[in-house]
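Peer 1: Data file run.cif (mmCIF, C-alpha atoms) is appended below.
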data_my_file
#
loop_
_atom_site.label_atom_id
_atom_site.label_comp_id
_atom_site.auth_asym_id
_atom_site.auth_seq_id
_atom_site.Cartn_x
_atom_site.Cartn_y
_atom_site.Cartn_z
CA MET A 1 -18.42 30.69 -44.67
CA SER A 2 -17.82 31.60 -41.03
CA GLU A 3 -14.18 31.84 -39.95
CA ALA A 4 -15.08 32.27 -36.30
CA ARG A 5 -15.15 28.58 -35.31
CA LYS A 6 -14.74 27.88 -31.61
CA ALA A 7 -11.52 26.62 -30.09
CA ASN A 8 -11.79 22.98 -29.09
CA THR A 9 -10.63 23.06 -25.49
CA ALA A 10 -11.85 19.62 -24.45
CA PRO A 11 -8.64 17.86 -25.57
CA VAL A 12 -6.57 20.33 -23.57
CA TRP A 13 -8.63 19.65 -20.44
CA ALA A 14 -8.27 15.95 -21.17
CA LEU A 15 -4.49 16.22 -21.08
CA LEU A 16 -4.58 18.30 -17.91
CA CYS A 17 -6.78 15.72 -16.20
CA ALA A 18 -4.48 12.92 -17.29
CA LEU A 19 -1.46 14.78 -15.94
CA GLY A 20 -3.39 15.41 -12.73
CA GLY A 21 -4.00 11.68 -12.51
CA VAL A 22 -0.29 10.99 -12.74
CA GLY A 23 0.36 13.68 -10.14
CA CYS A 24 -2.05 12.03 -7.72
CA THR A 25 -0.43 8.66 -8.40
CA PHE A 26 2.94 10.01 -7.28
CA ALA A 27 1.44 11.93 -4.38
CA VAL A 28 0.15 8.67 -2.89
CA PHE A 29 3.71 7.69 -2.06
CA LEU A 30 4.21 10.87 -0.05
CA GLY A 31 1.57 9.69 2.40
CA PRO A 32 -0.28 12.95 2.86
CA PRO A 33 -3.50 13.23 4.90
CA LEU A 34 -6.39 11.52 3.10
CA GLN A 35 -3.85 9.33 1.34
CA GLU A 36 -6.49 6.61 0.85
CA ALA A 37 -8.55 8.94 -1.35
CA LEU A 38 -5.71 9.75 -3.76
CA PRO A 39 -5.78 6.52 -5.78
CA TRP A 40 -9.52 6.98 -6.39
CA LEU A 41 -8.99 10.62 -7.32
CA SER A 42 -6.31 9.56 -9.80
CA LEU A 43 -8.72 7.04 -11.34
CA LEU A 44 -11.45 9.69 -11.57
CA LEU A 45 -9.04 12.08 -13.32
CA ALA A 46 -7.86 9.40 -15.75
CA GLY A 47 -11.47 8.50 -16.53
CA SER A 48 -12.36 12.15 -17.04
CA ALA A 49 -9.37 12.50 -19.35
CA VAL A 50 -10.62 9.68 -21.57
CA LEU A 51 -14.14 11.13 -21.63
CA LEU A 52 -12.89 14.60 -22.49
CA LEU A 53 -10.64 13.37 -25.26
CA LEU A 54 -13.61 11.55 -26.81
CA VAL A 55 -15.69 14.72 -26.51
CA GLY A 56 -12.88 16.65 -28.18
CA LEU A 57 -12.64 14.20 -31.07
CA ARG A 58 -16.39 14.14 -31.53
CA ARG A 59 -16.48 17.91 -31.68
CA SER A 60 -13.64 18.41 -34.14
CA PHE A 61 -14.73 15.58 -36.45
CA GLY A 62 -18.47 15.54 -35.86
CA GLN A 63 -19.01 19.28 -35.72
CA PRO A 64 -16.23 20.78 -37.86
CA GLU A 65 -18.43 23.74 -38.71
CA ILE A 66 -18.51 24.75 -35.03
CA TYR A 67 -15.15 23.54 -33.72
CA ARG A 68 -11.70 23.80 -35.23
CA GLY A 69 -8.61 21.78 -34.42
CA LYS A 70 -8.97 18.33 -35.99
CA ALA A 71 -5.25 17.59 -36.12
CA LEU A 72 -4.60 19.04 -32.70
CA SER A 73 -7.41 17.02 -31.14
CA VAL A 74 -5.91 13.81 -32.53
CA VAL A 75 -2.41 14.68 -31.34
CA LEU A 76 -3.64 15.64 -27.88
CA ALA A 77 -5.78 12.51 -27.67
CA ILE A 78 -2.79 10.28 -28.38
CA VAL A 79 -0.57 12.21 -25.95
CA THR A 80 -3.30 12.08 -23.26
CA LEU A 81 -3.59 8.32 -23.48
CA VAL A 82 -0.06 7.89 -22.15
CA PRO A 83 -0.49 9.48 -18.69
CA ALA A 84 -4.10 8.28 -18.47
CA GLY A 85 -2.97 4.74 -19.24
CA LEU A 86 -0.12 4.91 -16.75
CA THR A 87 -2.50 6.14 -14.06
CA GLY A 88 -4.90 3.27 -14.68
CA PHE A 89 -2.02 0.81 -14.78
CA ALA A 90 -0.67 2.06 -11.45
CA PHE A 91 -4.11 2.00 -9.84
CA PHE A 92 -4.98 -1.57 -10.79
CA GLY A 93 -1.43 -2.80 -10.32
CA ALA A 94 -1.23 -1.58 -6.74
CA ARG A 95 -4.46 -3.44 -5.95
CA LYS A 96 -3.43 -6.77 -7.43
CA LEU A 97 -3.40 -8.41 -4.02
CA PRO A 98 -4.92 -11.69 -2.92
CA ALA A 99 -7.81 -11.44 -0.47
CA ALA A 100 -7.04 -12.06 3.20
CA THR A 101 -10.28 -13.89 3.94
CA GLY A 102 -8.52 -16.92 5.46
CA ALA A 103 -6.25 -14.88 7.72
CA PRO A 104 -6.84 -14.71 11.48
CA GLN A 105 -9.64 -12.24 12.20
CA ILE A 106 -10.49 -10.25 15.32
CA GLY A 107 -11.31 -12.63 18.16
CA GLN A 108 -9.37 -15.55 16.69
CA ARG A 109 -6.14 -17.00 18.02
CA VAL A 110 -3.07 -16.58 15.84
CA PRO A 111 -0.83 -19.51 14.90
CA ASP A 112 2.40 -19.96 16.85
CA PHE A 113 5.72 -19.64 15.06
CA THR A 114 9.49 -19.50 15.57
CA LEU A 115 11.51 -17.36 13.13
CA SER A 116 15.06 -15.98 13.00
CA ASP A 117 15.76 -12.39 13.96
CA THR A 118 18.35 -10.12 12.30
CA SER A 119 21.22 -11.84 14.13
CA GLY A 120 19.99 -15.28 13.06
CA LYS A 121 18.69 -16.19 16.52
CA PRO A 122 15.35 -18.08 16.63
CA VAL A 123 12.51 -16.16 18.30
CA SER A 124 9.10 -17.62 19.12
CA LEU A 125 5.77 -15.81 19.38
CA ASP A 126 5.83 -16.51 23.15
CA GLN A 127 9.25 -14.87 23.48
CA LEU A 128 7.94 -11.75 21.73
CA PHE A 129 5.76 -11.14 24.79
CA ALA A 130 8.75 -11.27 27.15
CA ALA A 131 10.80 -8.36 28.49
CA THR A 132 14.14 -7.63 26.80
CA PRO A 133 17.11 -5.48 27.82
CA GLU A 134 15.78 -2.76 25.50
CA SER A 135 12.09 -2.78 26.47
CA PRO A 136 9.68 -4.11 29.11
CA ALA A 137 7.19 -6.92 28.44
CA PRO A 138 4.57 -5.54 26.04
CA LYS A 139 0.81 -5.80 26.57
CA SER A 140 0.36 -6.55 22.88
CA VAL A 141 2.41 -7.41 19.84
CA LEU A 142 1.77 -5.84 16.45
CA LEU A 143 2.70 -8.38 13.77
CA ILE A 144 3.54 -6.42 10.62
CA PHE A 145 3.79 -8.68 7.59
CA TYR A 146 5.34 -6.73 4.72
CA ARG A 147 6.26 -7.57 1.14
CA GLY A 148 9.98 -7.31 1.74
CA TYR A 149 12.68 -5.28 0.05
CA TRP A 150 14.61 -8.13 -1.53
CA MET B 1 5.90 4.71 11.32
CA GLU B 2 9.12 5.93 12.94
CA LYS B 3 7.35 9.06 14.14
CA ARG B 4 4.87 7.05 16.14
CA LEU B 5 7.11 4.43 17.72
CA GLY B 6 7.07 6.40 20.97
CA GLU B 7 3.27 6.16 20.99
CA PHE B 8 3.49 2.42 20.39
CA GLN B 9 5.71 2.01 23.43
CA ALA B 10 3.44 4.20 25.59
CA ALA B 11 0.48 2.01 24.58
CA GLY B 12 2.40 -1.19 25.45
CA VAL B 13 2.69 -2.29 21.82
CA ARG B 14 5.77 -4.12 20.57
CA PRO B 15 5.98 -3.98 16.77
CA VAL B 16 7.39 -7.07 15.06
CA ALA B 17 8.05 -6.97 11.32
CA ILE B 18 8.01 -10.19 9.29
CA SER B 19 8.83 -10.79 5.62
CA VAL B 20 10.56 -13.28 3.34
CA ASP B 21 13.75 -11.17 3.45
CA THR B 22 16.74 -13.00 4.91
CA SER B 23 18.24 -11.99 8.26
CA ASP B 24 21.08 -10.20 6.43
CA VAL B 25 18.73 -8.03 4.37
CA SER B 26 16.52 -7.31 7.38
CA GLY B 27 19.60 -6.50 9.46
CA ASP B 28 20.68 -3.90 6.88
CA LEU B 29 17.18 -2.40 6.91
CA ALA B 30 17.15 -2.25 10.71
CA ARG B 31 20.54 -0.59 10.85
CA LYS B 32 19.77 1.99 8.17
CA ALA B 33 16.38 2.92 9.64
CA GLY B 34 17.52 2.67 13.24
CA TYR B 35 14.77 0.21 14.15
CA THR B 36 15.22 -1.52 17.50
CA PHE B 37 12.13 -3.74 17.35
CA PRO B 38 12.36 -7.36 16.13
CA ILE B 39 12.46 -8.01 12.41
CA LEU B 40 11.95 -11.69 11.65
CA SER B 41 12.75 -13.71 8.54
CA ASP B 42 10.37 -16.17 6.91
CA PRO B 43 12.35 -17.01 3.75
CA GLY B 44 10.24 -20.01 2.74
CA ALA B 45 6.99 -18.17 3.56
CA ALA B 46 5.93 -21.05 5.81
CA VAL B 47 4.58 -18.79 8.55
CA ILE B 48 3.07 -16.48 5.93
CA ARG B 49 1.16 -19.50 4.64
CA ARG B 50 0.14 -20.46 8.15
CA TYR B 51 -1.40 -17.00 8.51
CA GLN B 52 -3.02 -17.38 5.07
CA ILE B 53 -1.63 -14.12 3.72
CA LEU B 54 0.49 -15.55 0.93
CA HIS B 55 0.92 -13.56 -2.25
CA ALA B 56 2.08 -16.34 -4.57
CA GLY B 57 4.55 -15.09 -7.16
CA GLY B 58 4.24 -11.52 -5.87
CA GLY B 59 7.99 -10.94 -5.64
CA PRO B 60 10.11 -9.51 -8.48
CA ASP B 61 11.48 -12.88 -9.64
CA GLY B 62 8.10 -14.47 -9.16
CA HIS B 63 8.90 -15.79 -5.72
CA ASP B 64 6.29 -16.02 -2.97
CA ILE B 65 5.93 -13.12 -0.56
CA ALA B 66 3.39 -11.89 2.00
CA ARG B 67 0.52 -9.65 1.01
CA PRO B 68 0.67 -6.69 3.44
CA ALA B 69 -1.16 -7.51 6.69
CA GLU B 70 -1.07 -6.35 10.28
CA PHE B 71 -2.38 -8.10 13.39
CA LEU B 72 -2.53 -6.61 16.88
CA VAL B 73 -2.26 -9.64 19.18
CA ASP B 74 -2.86 -9.64 22.95
CA SER B 75 -1.01 -11.79 25.50
CA SER B 76 -3.55 -14.61 25.01
CA LYS B 77 -2.57 -14.67 21.32
CA ILE B 78 -6.02 -13.33 20.36
CA VAL B 79 -6.34 -10.84 17.48
CA ARG B 80 -7.67 -7.42 18.56
CA TRP B 81 -7.17 -5.37 15.37
CA THR B 82 -6.31 -6.14 11.78
CA ASN B 83 -5.34 -4.21 8.69
CA PHE B 84 -5.40 -5.77 5.24
CA THR B 85 -4.63 -3.01 2.79
CA GLU B 86 -6.16 -3.13 -0.70
CA ASP B 87 -3.54 -0.83 -2.21
CA ILE B 88 0.13 -1.55 -1.51
CA ARG B 89 0.98 2.15 -1.56
CA VAL B 90 -1.47 3.17 1.17
CA ARG B 91 -0.15 2.85 4.70
CA ALA B 92 -2.29 2.05 7.71
CA HIS B 93 -3.11 4.81 10.16
CA ALA B 94 -1.77 3.96 13.60
CA ASP B 95 -4.69 5.68 15.40
CA GLN B 96 -7.16 2.79 15.18
CA MET B 97 -4.51 0.27 16.18
CA LEU B 98 -3.40 2.40 19.14
CA ALA B 99 -7.02 2.83 20.28
CA ALA B 100 -7.43 -0.96 20.31
CA ALA B 101 -4.07 -1.41 22.08
CA ARG B 102 -4.92 1.07 24.82
CA GLN B 103 -8.01 -0.95 25.77
CA LEU B 104 -5.89 -3.96 26.71
CA GLN B 105 -4.80 -4.73 30.29
#
Re-express the file's structure as structure tokens.
Peer 2:
Amino acid sequence: MSEARKANTAPVWALLCALGGVGCTFAVFLGPPLQEALPWLSLLLAGSAVLLLLVGLRRSFGQPEIYRGKALSVVLAIVTLVPAGLTGFAFFGARKLPAATGAPQIGQRVPDFTLSDTSGKPVSLDQLFAATPESPAPKSVLLIFYRGYW
Amino acid sequence: MEKRLGEFQAAGVRPVAISVDTSDVSGDLARKAGYTFPILSDPGAAVIRRYQILHAGGGPDGHDIARPAEFLVDSSKIVRWTNFTEDIRVRAHADQMLAAARQLQ
């Protein structure tokens, strides 16, 4: 009976990938260059983590004569699911946005409006194109609709 | 965005931020961040609906908010550039917007 069974490293790589996925998820907020790619990278790492943990389980249970570490592969698989799950949750959660298909598109005219500024004074879209004491009349206005900070 | 406000001004762009936050909340934000551009309040999301960018129930207590959206509008009120992010964490790059802005008279 051979004692020299191979170490089952797949579950360890699975955990590392899952942790990498979480790392990428946090890194998105830092806004580094290529920020748009980070969410996809995090999803790829989380997916790889799940694949690797399945490979690890299949090896330790399906090929116990070649690979050791049944208990460890189970423990690591369970531990890996936490960061992998969080990564997936963050990815899909951040994208739960309604489509903007009905919004004004390039070439279309935007609707007029009048809204209060920070001092409670009403300001119209027309007035936004006027000069103020702080700045000259702009050539364009960038309307930035944001979620709010409540 | 703060880093590029000088570029906005040089390109003739006036940023205007709009959300469902009240004037008080927006005022606090403006003071803390040192923003001097207009920040407007749309507490009932009426204008947000008019622009068809409503995110119904997207706020923490389930109240209606805007989905993130940006429109570069010229003096004829025509849209010249848009940004509708698919991931709330990813910010728009100002370069494309500034390129569009610089082409305007």
Peer 1: For the file shown, report as a ChimeraX atom specification the outcome of the PyMOL selection byres ((chain A and resi 88-104) around 8) at residue level.
Peer 2: /A:25,39,42-43,46,84-87,105-106,108-110 /B:51-55,67,79,84,86-89
Peer 1: With all atoms listed in the file as the atoms that count, which of A:Leu51, A:Leu57, A:Leu38, A:Val12 lies nearest to chain B?
Peer 2: A:Leu38
Peer 1: Please measure the separation of CA of Ala17 (chain B) and CA of Pro32 (chain A), giving the value in Å to one decimal.
Peer 2: 23.2 Å
Peer 1: For the point (4.5, -11.7, 24.8) in file coordinates, what residues are within 12 Å, counting all atoms listed in the file? Give the answer as a PyMOL selection string?
Peer 2: (chain A and resi 112+123-132+135-143) or (chain B and resi 12-16+72-78)
Peer 1: Just how far from CA of Arg31 (chain B) is CA of Phe71 (chain B), in Å to one decimal?
Peer 2: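 CA of Arg31 (chain B) lies at a distance of 24.3 Å from CA of Phe71 (chain B).
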Peer 1: Quick one: of B:Leu104, B:Leu40, B:Lys32, B:Ala66, who's nearest to Ile18 (chain B), counting all atoms listed in the file?
Peer 2: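 With all atoms listed in the file as the atom set, the closest residue is B:Leu40.
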Peer 1: Quick one: apply the PyMOL selection byres ((chain B and resi 100) around 10) to the file and drop the selected residues here as a list in words.
Peer 2: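 Applying the expression gives Ser140 of chain A; Ala11, Leu72, Arg80, Trp81, Asp95, Gln96, Met97, Leu98, Ala99, Ala101, Arg102, Gln103 and Leu104 of chain B.
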Peer 1: Evaluate the PyMOL selection byres ((chain A and resi 147) around 10) on the structure here and hand back the selected residues as a PDB file with C-alpha atoms, in the coordinates of the input.
Peer 2:
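And here's part31.pdb as it stands now:
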ATOM      1  CA  ILE A 144       3.540  -6.420  10.620  1.00  0.00           C
ATOM      2  CA  PHE A 145       3.790  -8.680   7.590  1.00  0.00           C
ATOM      3  CA  TYR A 146       5.340  -6.730   4.720  1.00  0.00           C
ATOM      4  CA  GLY A 148       9.980  -7.310   1.740  1.00  0.00           C
ATOM      5  CA  TYR A 149      12.680  -5.280   0.050  1.00  0.00           C
ATOM      6  CA  TRP A 150      14.610  -8.130  -1.530  1.00  0.00           C
TER       7      TRP A 150
ATOM      8  CA  ILE B  18       8.010 -10.190   9.290  1.00  0.00           C
ATOM      9  CA  SER B  19       8.830 -10.790   5.620  1.00  0.00           C
ATOM     10  CA  VAL B  20      10.560 -13.280   3.340  1.00  0.00           C
ATOM     11  CA  ASP B  21      13.750 -11.170   3.450  1.00  0.00           C
ATOM     12  CA  LEU B  54       0.490 -15.550   0.930  1.00  0.00           C
ATOM     13  CA  HIS B  55       0.920 -13.560  -2.250  1.00  0.00           C
ATOM     14  CA  GLY B  58       4.240 -11.520  -5.870  1.00  0.00           C
ATOM     15  CA  GLY B  59       7.990 -10.940  -5.640  1.00  0.00           C
ATOM     16  CA  ASP B  64       6.290 -16.020  -2.970  1.00  0.00           C
ATOM     17  CA  ILE B  65       5.930 -13.120  -0.560  1.00  0.00           C
ATOM     18  CA  ALA B  66       3.390 -11.890   2.000  1.00  0.00           C
ATOM     19  CA  ARG B  67       0.520  -9.650   1.010  1.00  0.00           C
ATOM     20  CA  PRO B  68       0.670  -6.690   3.440  1.00  0.00           C
ATOM     21  CA  ALA B  69      -1.160  -7.510   6.690  1.00  0.00           C
ATOM     22  CA  ILE B  88       0.130  -1.550  -1.510  1.00  0.00           C
TER      23      ILE B  88
END
Peer 1: Quick one: region 63-91 of chain B with N, CA and C atoms, as a PDB file, keeping the file's coordinate frame?
Peer 2:
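Saved result, part-v1.pdb, follows:
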ATOM      1  N   HIS B  63       8.934 -14.960  -6.924  1.00  0.00           N
ATOM      2  CA  HIS B  63       8.900 -15.790  -5.720  1.00  0.00           C
ATOM      3  C   HIS B  63       7.768 -15.361  -4.793  1.00  0.00           C
ATOM      4  N   ASP B  64       7.424 -16.258  -3.866  1.00  0.00           N
ATOM      5  CA  ASP B  64       6.290 -16.020  -2.970  1.00  0.00           C
ATOM      6  C   ASP B  64       6.656 -15.016  -1.897  1.00  0.00           C
ATOM      7  N   ILE B  65       5.734 -14.099  -1.631  1.00  0.00           N
ATOM      8  CA  ILE B  65       5.930 -13.120  -0.560  1.00  0.00           C
ATOM      9  C   ILE B  65       4.631 -13.016   0.228  1.00  0.00           C
ATOM     10  N   ALA B  66       4.625 -12.147   1.256  1.00  0.00           N
ATOM     11  CA  ALA B  66       3.390 -11.890   2.000  1.00  0.00           C
ATOM     12  C   ALA B  66       2.617 -10.792   1.308  1.00  0.00           C
ATOM     13  N   ARG B  67       1.268 -10.839   1.352  1.00  0.00           N
ATOM     14  CA  ARG B  67       0.520  -9.650   1.010  1.00  0.00           C
ATOM     15  C   ARG B  67       0.553  -8.820   2.300  1.00  0.00           C
ATOM     16  N   PRO B  68       0.543  -7.489   2.215  1.00  0.00           N
ATOM     17  CA  PRO B  68       0.670  -6.690   3.440  1.00  0.00           C
ATOM     18  C   PRO B  68      -0.470  -6.996   4.409  1.00  0.00           C
ATOM     19  N   ALA B  69      -0.134  -7.204   5.676  1.00  0.00           N
ATOM     20  CA  ALA B  69      -1.160  -7.510   6.690  1.00  0.00           C
ATOM     21  C   ALA B  69      -0.613  -7.177   8.059  1.00  0.00           C
ATOM     22  N   GLU B  70      -1.470  -6.658   8.908  1.00  0.00           N
ATOM     23  CA  GLU B  70      -1.070  -6.350  10.280  1.00  0.00           C
ATOM     24  C   GLU B  70      -2.069  -6.933  11.253  1.00  0.00           C
ATOM     25  N   PHE B  71      -1.545  -7.499  12.351  1.00  0.00           N
ATOM     26  CA  PHE B  71      -2.380  -8.100  13.390  1.00  0.00           C
ATOM     27  C   PHE B  71      -1.930  -7.566  14.743  1.00  0.00           C
ATOM     28  N   LEU B  72      -2.849  -6.970  15.493  1.00  0.00           N
ATOM     29  CA  LEU B  72      -2.530  -6.610  16.880  1.00  0.00           C
ATOM     30  C   LEU B  72      -2.967  -7.787  17.739  1.00  0.00           C
ATOM     31  N   VAL B  73      -2.004  -8.405  18.432  1.00  0.00           N
ATOM     32  CA  VAL B  73      -2.260  -9.640  19.180  1.00  0.00           C
ATOM     33  C   VAL B  73      -2.058  -9.401  20.670  1.00  0.00           C
ATOM     34  N   ASP B  74      -3.015  -9.818  21.501  1.00  0.00           N
ATOM     35  CA  ASP B  74      -2.860  -9.640  22.950  1.00  0.00           C
ATOM     36  C   ASP B  74      -2.095 -10.817  23.547  1.00  0.00           C
ATOM     37  N   SER B  75      -1.864 -10.779  24.874  1.00  0.00           N
ATOM     38  CA  SER B  75      -1.010 -11.790  25.500  1.00  0.00           C
ATOM     39  C   SER B  75      -1.625 -13.186  25.494  1.00  0.00           C
ATOM     40  N   SER B  76      -2.919 -13.286  25.168  1.00  0.00           N
ATOM     41  CA  SER B  76      -3.550 -14.610  25.010  1.00  0.00           C
ATOM     42  C   SER B  76      -3.488 -15.071  23.560  1.00  0.00           C
ATOM     43  N   LYS B  77      -2.742 -14.347  22.753  1.00  0.00           N
ATOM     44  CA  LYS B  77      -2.570 -14.670  21.320  1.00  0.00           C
ATOM     45  C   LYS B  77      -3.855 -14.434  20.521  1.00  0.00           C
ATOM     46  N   ILE B  78      -4.772 -13.632  21.072  1.00  0.00           N
ATOM     47  CA  ILE B  78      -6.020 -13.330  20.360  1.00  0.00           C
ATOM     48  C   ILE B  78      -5.847 -12.031  19.562  1.00  0.00           C
ATOM     49  N   VAL B  79      -6.402 -12.010  18.345  1.00  0.00           N
ATOM     50  CA  VAL B  79      -6.340 -10.840  17.480  1.00  0.00           C
ATOM     51  C   VAL B  79      -7.309  -9.771  17.972  1.00  0.00           C
ATOM     52  N   ARG B  80      -6.816  -8.521  18.105  1.00  0.00           N
ATOM     53  CA  ARG B  80      -7.670  -7.420  18.560  1.00  0.00           C
ATOM     54  C   ARG B  80      -7.903  -6.380  17.480  1.00  0.00           C
ATOM     55  N   TRP B  81      -7.054  -6.359  16.467  1.00  0.00           N
ATOM     56  CA  TRP B  81      -7.170  -5.370  15.370  1.00  0.00           C
ATOM     57  C   TRP B  81      -6.432  -5.920  14.183  1.00  0.00           C
ATOM     58  N   THR B  82      -6.994  -5.691  12.989  1.00  0.00           N
ATOM     59  CA  THR B  82      -6.310  -6.140  11.780  1.00  0.00           C
ATOM     60  C   THR B  82      -6.292  -5.017  10.747  1.00  0.00           C
ATOM     61  N   ASN B  83      -5.354  -5.106   9.842  1.00  0.00           N
ATOM     62  CA  ASN B  83      -5.340  -4.210   8.690  1.00  0.00           C
ATOM     63  C   ASN B  83      -4.888  -4.990   7.472  1.00  0.00           C
ATOM     64  N   PHE B  84      -5.754  -5.103   6.499  1.00  0.00           N
ATOM     65  CA  PHE B  84      -5.400  -5.770   5.240  1.00  0.00           C
ATOM     66  C   PHE B  84      -5.582  -4.749   4.129  1.00  0.00           C
ATOM     67  N   THR B  85      -4.500  -4.086   3.777  1.00  0.00           N
ATOM     68  CA  THR B  85      -4.630  -3.010   2.790  1.00  0.00           C
ATOM     69  C   THR B  85      -5.045  -3.542   1.415  1.00  0.00           C
ATOM     70  N   GLU B  86      -5.777  -2.738   0.661  1.00  0.00           N
ATOM     71  CA  GLU B  86      -6.160  -3.130  -0.700  1.00  0.00           C
ATOM     72  C   GLU B  86      -5.272  -2.486  -1.751  1.00  0.00           C
ATOM     73  N   ASP B  87      -4.434  -1.545  -1.308  1.00  0.00           N
ATOM     74  CA  ASP B  87      -3.540  -0.830  -2.210  1.00  0.00           C
ATOM     75  C   ASP B  87      -2.180  -0.798  -1.544  1.00  0.00           C
ATOM     76  N   ILE B  88      -1.166  -1.399  -2.186  1.00  0.00           N
ATOM     77  CA  ILE B  88       0.130  -1.550  -1.510  1.00  0.00           C
ATOM     78  C   ILE B  88       0.789  -0.216  -1.173  1.00  0.00           C
ATOM     79  N   ARG B  89       0.339   0.859  -1.805  1.00  0.00           N
ATOM     80  CA  ARG B  89       0.980   2.150  -1.560  1.00  0.00           C
ATOM     81  C   ARG B  89       0.410   2.852  -0.323  1.00  0.00           C
ATOM     82  N   VAL B  90      -0.798   2.459   0.074  1.00  0.00           N
ATOM     83  CA  VAL B  90      -1.470   3.170   1.170  1.00  0.00           C
ATOM     84  C   VAL B  90      -1.093   2.538   2.511  1.00  0.00           C
ATOM     85  N   ARG B  91      -0.548   3.353   3.394  1.00  0.00           N
ATOM     86  CA  ARG B  91      -0.150   2.850   4.700  1.00  0.00           C
ATOM     87  C   ARG B  91      -1.304   2.904   5.692  1.00  0.00           C
TER      88      ARG B  91
END
